[in-house]
Amino acid sequence: MHRYKFVLYRPLQFLPVLFGISIITFVLVRLIPGDPARVLLGSRATPTAIANIRAQYGLDEPIWTQYFYFIANLGQGEMGKSILYKIDVLRLIATRLEPTLALVLSSVLLSVLIAVPLSAIAARNQGRAPDQIVRIVSTLGIGFPAFWLALMLIILFSVRLDIFPVSGYGNSLGDKLYHLALPSLTVALSLSAVLTRSLRGAMVQALRSDVATAARARGMPESIVFWRHVLPNSLVPTVNLLAVNIGWLIGGTVVVESVFALPGMGQLLVRAIFSRDYMVVQGVAMVFACSTVLVNFLADIVTVALDPRVKQ
Amino acid sequence: MSAPQLSVRDLSVAVEDGPGQRLLLDRVSLDLGTGEILGLVGESGSGKSLFCRALMRLLPSTKLSIIHGSILLEGRDLVTADETEMLKVRGGSIGMIFQNPTSHLDPVMSVGDQIAEGIRYHQGLNRRDARAAAVEILAQVGFPNPDRQYDGYPHEFSGGMRQRAMIGVALSSNPKILVADEPTTALDVTIQAQILRLLMDIRDKRGLSIILISHDLGVVAQTCDRIAVMRDGKLVEQGEKRALLEAPTHPYTRSLIQSHPSMPGEAASELPDAAVAEPSSSRPLLEIDDLHVRFTGGGGLFGRGAQTVAAVKGVSLRVMPGETVGIVGESGSGKSTLARAILGLTPLSSGRVSFDGSDLTTDRAAALAKLHGEAAMVFQDPYNALNPRLTIGDMLSEVLRVQGKASDTDIATRVGELLDLVGLEREFASRKPRSMSGGQCQRAGIARALAVDPRMIIADECVAALDVTIQAQIIDLFRELTASMSLTLLFIAHDLAIVRNLCERVVVMYRGEIVEEGLCADVFARPRHAYTAALIQAIPDIDPDKPLGGGAALELDAVTQQGHSSGQPLTAVNQ
């Protein structure tokens, strides 16, 4: 079990990483031209009013003092107050985290459910019609932009067939899943295309490998050769590809959230940037950074579980 | 011989080649008796592996097909059997052992599970019973601690233990015939002896019949009852092994027997005299003093658990100009690291290496410049060591141009001369490696080394990947070159027989240290160190009456095995 020892000490390595990220986001946010107080009060605000707001949010202090307060607050589990929403940033993020998290999770699940069988069919029929079809479809899936796919899905499933809602996010669990169907399908269509291409290639190689030949030579039927030897040997590179894509997804759901009017992190971030809501932007950036680090950590654990040769 | 277990008649396999067909196996007929070990010898491309694949109806490509003949096993013809029946035959009647256990064992499945898989599928046992049966098999193939090692993964075992596991997998479904395709080619000589002994032991205990494919007549002579010789897809000769080895009828068999390295070559006895004749005529070309090379591996962010592996431990060696020195030892003994250290390709941890007076430790830049101009290396894998995009002529001209040893106008002439030197036709200048055989590629590799006009050549296992008759040719080439050009040759090999034939002096390495050193004739006749003796005894001799390995070999095997099974081929010391 010593191969899993990194699960205990790896989180210690996250601390310096997150510390670095906090400095970068903090400084970058303040480099954006514009002043939150001015955005908040409008163009006809008096200099005194603006100075008051700046003092209220600590914006008149030197940048390193502001950073010190930010870290000190973070130690107490606070990220400051949103200038726009007037509530604590952490509480704000907490309300917006769920739709994004649900969207990412359901699209990843859906992608895997699409990619594994498709790759299996393609690899086992290499060069024949099913393989060609899968390859064309996955190339299209990578090529089509998300907003276009989203609109097409809405036209087909919501407007014509009237199966799924056009937009919004429900209240009960069932209702939420119902509302998530089209957004996650949108994400899954392109994500599964990426995964299928990688997985199919790995499977084609594994089918020709010595491991598969040896399994056939001991009389294993093709189905056992495939599911017990080829699949486990093809998964590792795809798991890492998936991790990279999830990291990107967490910050990249903005378009899908906008089209389907999902009240998630992406929307929150865009609005915060436009209103120079420093506290929210750096809070959201921190959450994104943490989740990317976390996803890669999980992928490392899965890789170790899948491949006994890997040592972290 | 009782009724044959397996009877092959006129088996022909063809490949679709454009509009027509090309025969790869041409009417091969042979019988395999019950409890018999049949040796199938021939060079790569002779069709011996293809023959065995055809027996299992597992041809490596869909373009290949059996076009003629029959394979009779237990009263049915496997050529016409349907796929369901073949699933029972594969594993159930014929088990197969492959050359490279590292690539043929599933890296993500425990070795025990791979054995149990066949048992569950073919014998329909449940998980627990299959595990018990697999543990039993692991014990039979020589796993000292089968209950615990059941859960080990292939990468945790040494090459020899992996091959034992592979044999276990082949035995799992209780086959009557075992097909072993070059089962020991990838292994060290002492491990090879163990595996061959295991195969014979299994035959005796289980009454199996074995087809043993090998390019090494020595291996076959030591283990088999009968020998069949293949060439260009045809079976050229078969017969009882003593009769065949003593009185081969086919000229090809005769050339195979002659080129076997266990036959002492006449040159080996002549050369040492010449070397002894001029002692200390000049200073050594290469001097190595107490060289240590250590690698640091593993370790986390804070350097915890970092391990230092000592690959070369205190090696001292002197090589005089014009000398031919063989360095032998098993994999992991540090011979390749030593070669890389000499050429400055690996940082030295401590000690001194100097080439023709230039010290690699004190004046690295100058020594490297000297080495690049006056020393060259020939690599093990001739294909991978040549740039596939360059013709041989381009490759040689590039070296000549970079070295500045020939003016632009002379380059073409020099390329021609180099090709002549290594015995390649001049038209090879326009060929690319992929249209050349392994032996031709290795000749080109040697030509590239010679292009530097070196004083010293280091050849690292440069014939290990070649067929025996080609090996003999390359060895002859080296012998001519060293004699005519007064080259200094450091010849690294795990094959002692080759070193005995080629070199004047031999250095035996074991776990990073030199355990014995001396004139070839002396060392091979009267080895002083137990390890050298074990190595020599483990060479399969072409004479069937010289037994394989001895007691001393067995004891040392146990030592080697411990070092290997920890997963670290080199001795690891915690810092």
# chains A, B, ... in the order shown; residues from 1 in each chain; ligands from 1
$ closest_atom_pairs --of "chain B" --to "chain A" --cutoff "10 Å" --atoms "only C-alpha atoms" --output "tab-separated table"
residue	atom	partner	partner_atom	distance
B:Arg53	CA	A:Ala217	CA	8.8
B:Met56	CA	A:Ala217	CA	7.2
B:Arg57	CA	A:Ala217	CA	9.2
B:Leu58	CA	A:Ala217	CA	7.4
B:Leu59	CA	A:Thr213	CA	9.9
B:Pro60	CA	A:Thr213	CA	8.7
B:Ser61	CA	A:Arg208	CA	9.7
B:Glu83	CA	A:Pro221	CA	9.4
B:Thr84	CA	A:Pro221	CA	8.6
B:Glu85	CA	A:Gly219	CA	9.7
B:Met86	CA	A:Gly219	CA	7.5
B:Leu87	CA	A:Gly219	CA	4.5
B:Lys88	CA	A:Gly219	CA	6.1
B:Val89	CA	A:Gly219	CA	7.0
B:Arg90	CA	A:Gly219	CA	4.4
B:Gly91	CA	A:Arg218	CA	3.8
B:Gly92	CA	A:Gly219	CA	7.1
B:Ser93	CA	A:Arg218	CA	9.4
B:Ile94	CA	A:Arg218	CA	8.1
B:Gly95	CA	A:Arg218	CA	6.3
B:Met96	CA	A:Ala217	CA	6.4
B:Ile97	CA	A:Ala214	CA	8.3
B:Phe98	CA	A:Ala214	CA	7.8
B:Asn100	CA	A:Asp210	CA	8.8
B:Pro101	CA	A:Asp210	CA	9.2
B:Thr102	CA	A:Val211	CA	9.2
B:Ser103	CA	A:Asp210	CA	5.8
B:His104	CA	A:Val211	CA	4.4
B:Leu105	CA	A:Val211	CA	5.7
B:Asp106	CA	A:Val211	CA	5.4
B:Pro107	CA	A:Arg309	CA	7.6
B:Val108	CA	A:Asp307	CA	5.4
B:Met109	CA	A:His229	CA	8.2
B:Ser110	CA	A:Pro308	CA	9.0
B:Gln114	CA	A:Ala215	CA	8.8
B:Ile115	CA	A:Arg218	CA	9.8
B:Glu117	CA	A:Met220	CA	8.6
B:Gly118	CA	A:Arg218	CA	6.6
B:Ile119	CA	A:Arg218	CA	10.0
B:Tyr121	CA	A:Met220	CA	7.5
B:His122	CA	A:Gly219	CA	8.0
B:Gly152	CA	A:Pro308	CA	9.4
B:Tyr153	CA	A:Pro308	CA	7.1
B:Pro154	CA	A:Arg309	CA	9.0
B:His155	CA	A:Arg309	CA	6.7
B:Glu156	CA	A:Arg309	CA	8.3
B:Met166	CA	A:Ala214	CA	9.2
B:Val169	CA	A:Arg218	CA	7.8
B:Ala170	CA	A:Arg218	CA	6.7
B:Leu171	CA	A:Arg218	CA	9.3
B:Ser172	CA	A:Arg218	CA	8.6
B:Ser173	CA	A:Arg218	CA	7.8
B:Pro175	CA	A:Arg218	CA	9.6
B:Gly298	CA	A:Lys311	CA	9.1
B:Gly299	CA	A:Gln312	CA	9.7
B:Gly300	CA	A:Gln312	CA	8.7
B:Leu301	CA	A:Gln13	CA	8.3
$ residues_around --residues "Gln132 in chain A" --least-positions-apart "2" --cutoff "12 Å" --atoms "only C-alpha atoms" --output "JSON, numbers by chain"
{"A": [118, 119, 121, 122, 123, 124, 125, 126, 127, 128, 129, 130, 134, 135, 136, 137, 138, 139, 197, 200]}
$ select_by_dssp --residues "range 287-519 of chain B" --states "alpha helix (DSSP H)" --output "number ranges by chain"
B: 335-342, 364-374, 392-403, 408-421, 438-451, 468-485, 496-502
$ residues_around --residues "Lys86 in chain A" --least-positions-apart "5" --cutoff "12 Å" --atoms "only C-alpha atoms" --output "PyMOL selection string"
chain A and resi 40+56-57+80-81+91-92+277+279-280
$ write_last_selection --atoms "N, CA and C atoms" --output "tab-separated table (two decimals), in the first residue's frame"
chain	number	residue	atom	x	y	z
A	40	LEU	N	-19.62	50.93	-9.36
A	40	LEU	CA	-20.75	50.76	-8.45
A	40	LEU	C	-21.62	52.01	-8.41
A	56	GLN	N	-14.18	52.09	2.53
A	56	GLN	CA	-15.02	51.05	3.14
A	56	GLN	C	-14.51	49.65	2.78
A	57	TYR	N	-14.05	49.48	1.51
A	57	TYR	CA	-13.59	48.16	1.08
A	57	TYR	C	-12.06	48.02	1.15
A	80	GLY	N	-13.69	38.16	2.14
A	80	GLY	CA	-14.10	39.54	1.95
A	80	GLY	C	-15.54	39.62	1.45
A	81	LYS	N	-15.98	40.85	1.22
A	81	LYS	CA	-17.36	41.08	0.85
A	81	LYS	C	-17.45	41.49	-0.61
A	91	ARG	N	-19.94	32.88	0.78
A	91	ARG	CA	-21.36	32.49	0.76
A	91	ARG	C	-21.93	32.63	-0.65
A	92	LEU	N	-21.47	33.64	-1.33
A	92	LEU	CA	-21.92	33.87	-2.70
A	92	LEU	C	-21.50	32.70	-3.58
A	277	ASP	N	-15.49	43.60	-9.51
A	277	ASP	CA	-15.75	43.13	-8.15
A	277	ASP	C	-14.57	42.27	-7.71
A	279	MET	N	-13.08	41.23	-5.07
A	279	MET	CA	-13.18	40.16	-4.08
A	279	MET	C	-13.73	38.89	-4.71
A	280	VAL	N	-14.79	39.07	-5.52
A	280	VAL	CA	-15.44	37.91	-6.13
A	280	VAL	C	-14.49	37.27	-7.16
$ atom_distance --atom1 "CA of Ser407 in chain B" --atom2 "CA of Gly423 in chain B"
23.7 Å
$ residues_around --residues "range 505-517 of chain B" --least-positions-apart "5" --cutoff "7 Å" --atoms "only C-alpha atoms" --output "list in words"
Ala311, Val312, Lys313, Gly314, Val315, Thr324, Val325, Gly326, Ile327, Val328, Gly329, Gly332, Ser333, Gly334, Lys335, His529, Thr532, Leu570 and Thr571 of chain B
$ atom_distance --atom1 "CA of Asp201 in chain B" --atom2 "CA of Gly35 in chain B"
11.4 Å
$ select_by_dssp --residues "range 462-542 of chain B" --states "strand (DSSP E)" --output "list in words"
Thr488, Leu489, Leu490, Phe491, Ile492, Ala493, Arg505, Val506, Val507, Val508, Met509, Tyr510, Glu513, Ile514, Val515, Glu516, Glu517, Gly518 and Leu519 of chain B
$ atom_distance --atom1 "CA of Asn52 in chain A" --atom2 "CA of Ala285 in chain A"
27.1 Å
$ residues_around --residues "Leu418 in chain B" --least-positions-apart "4" --cutoff "8 Å" --atoms "only C-alpha atoms" --output "list in words"
Arg414, Val422, Ala447, Leu450 and Ala451 of chain B
$ write_last_selection --atoms "N, CA and C atoms" --output "CSV table (one decimal), in the first residue's frame"
chain,number,residue,atom,x,y,z
B,414,ARG,N,35.7,8.5,-49.7
B,414,ARG,CA,35.9,8.0,-48.4
B,414,ARG,C,34.7,7.1,-48.0
B,422,VAL,N,33.8,-2.4,-44.4
B,422,VAL,CA,32.8,-3.3,-43.6
B,422,VAL,C,32.1,-4.3,-44.5
B,447,ALA,N,30.6,1.0,-39.9
B,447,ALA,CA,31.2,2.0,-40.9
B,447,ALA,C,31.1,3.4,-40.3
B,450,LEU,N,33.7,3.8,-37.9
B,450,LEU,CA,35.0,3.9,-38.5
B,450,LEU,C,35.3,5.2,-39.2
B,451,ALA,N,34.1,5.9,-39.6
B,451,ALA,CA,34.2,7.1,-40.3
B,451,ALA,C,35.0,8.2,-39.5
$ residues_around --residues "Ser7 in chain B" --least-positions-apart "5" --cutoff "9 Å" --atoms "only C-alpha atoms" --output "list in words"
Ser29, Leu30, Asp31, Leu32, Gly33, Ser70, Ile71, Leu72 and Leu73 of chain B
$ residues_around --residues "range 153-164 of chain A" --least-positions-apart "6" --cutoff "8 Å" --atoms "only C-alpha atoms" --output "list in words"
Tyr178, His179, Ala181, Leu182 and Thr186 of chain A
$ write_last_selection --atoms "N, CA and C atoms" --output "short mmCIF file (atom, residue, chain, number, x, y, z; two decimals), in the first residue's frame"
data_model
loop_
_atom_site.label_atom_id
_atom_site.label_comp_id
_atom_site.auth_asym_id
_atom_site.auth_seq_id
_atom_site.Cartn_x
_atom_site.Cartn_y
_atom_site.Cartn_z
N TYR A 178 -33.25 17.23 -14.67
CA TYR A 178 -34.03 17.45 -15.87
C TYR A 178 -33.54 18.69 -16.60
N HIS A 179 -33.26 19.76 -15.84
CA HIS A 179 -32.76 20.99 -16.44
C HIS A 179 -31.32 20.85 -16.92
N ALA A 181 -30.01 18.21 -18.34
CA ALA A 181 -29.85 17.23 -19.43
C ALA A 181 -29.19 17.85 -20.66
N LEU A 182 -29.79 18.94 -21.18
CA LEU A 182 -29.24 19.53 -22.41
C LEU A 182 -27.88 20.18 -22.21
N THR A 186 -24.51 19.01 -24.17
CA THR A 186 -23.71 19.92 -24.98
C THR A 186 -22.22 19.74 -24.68
#
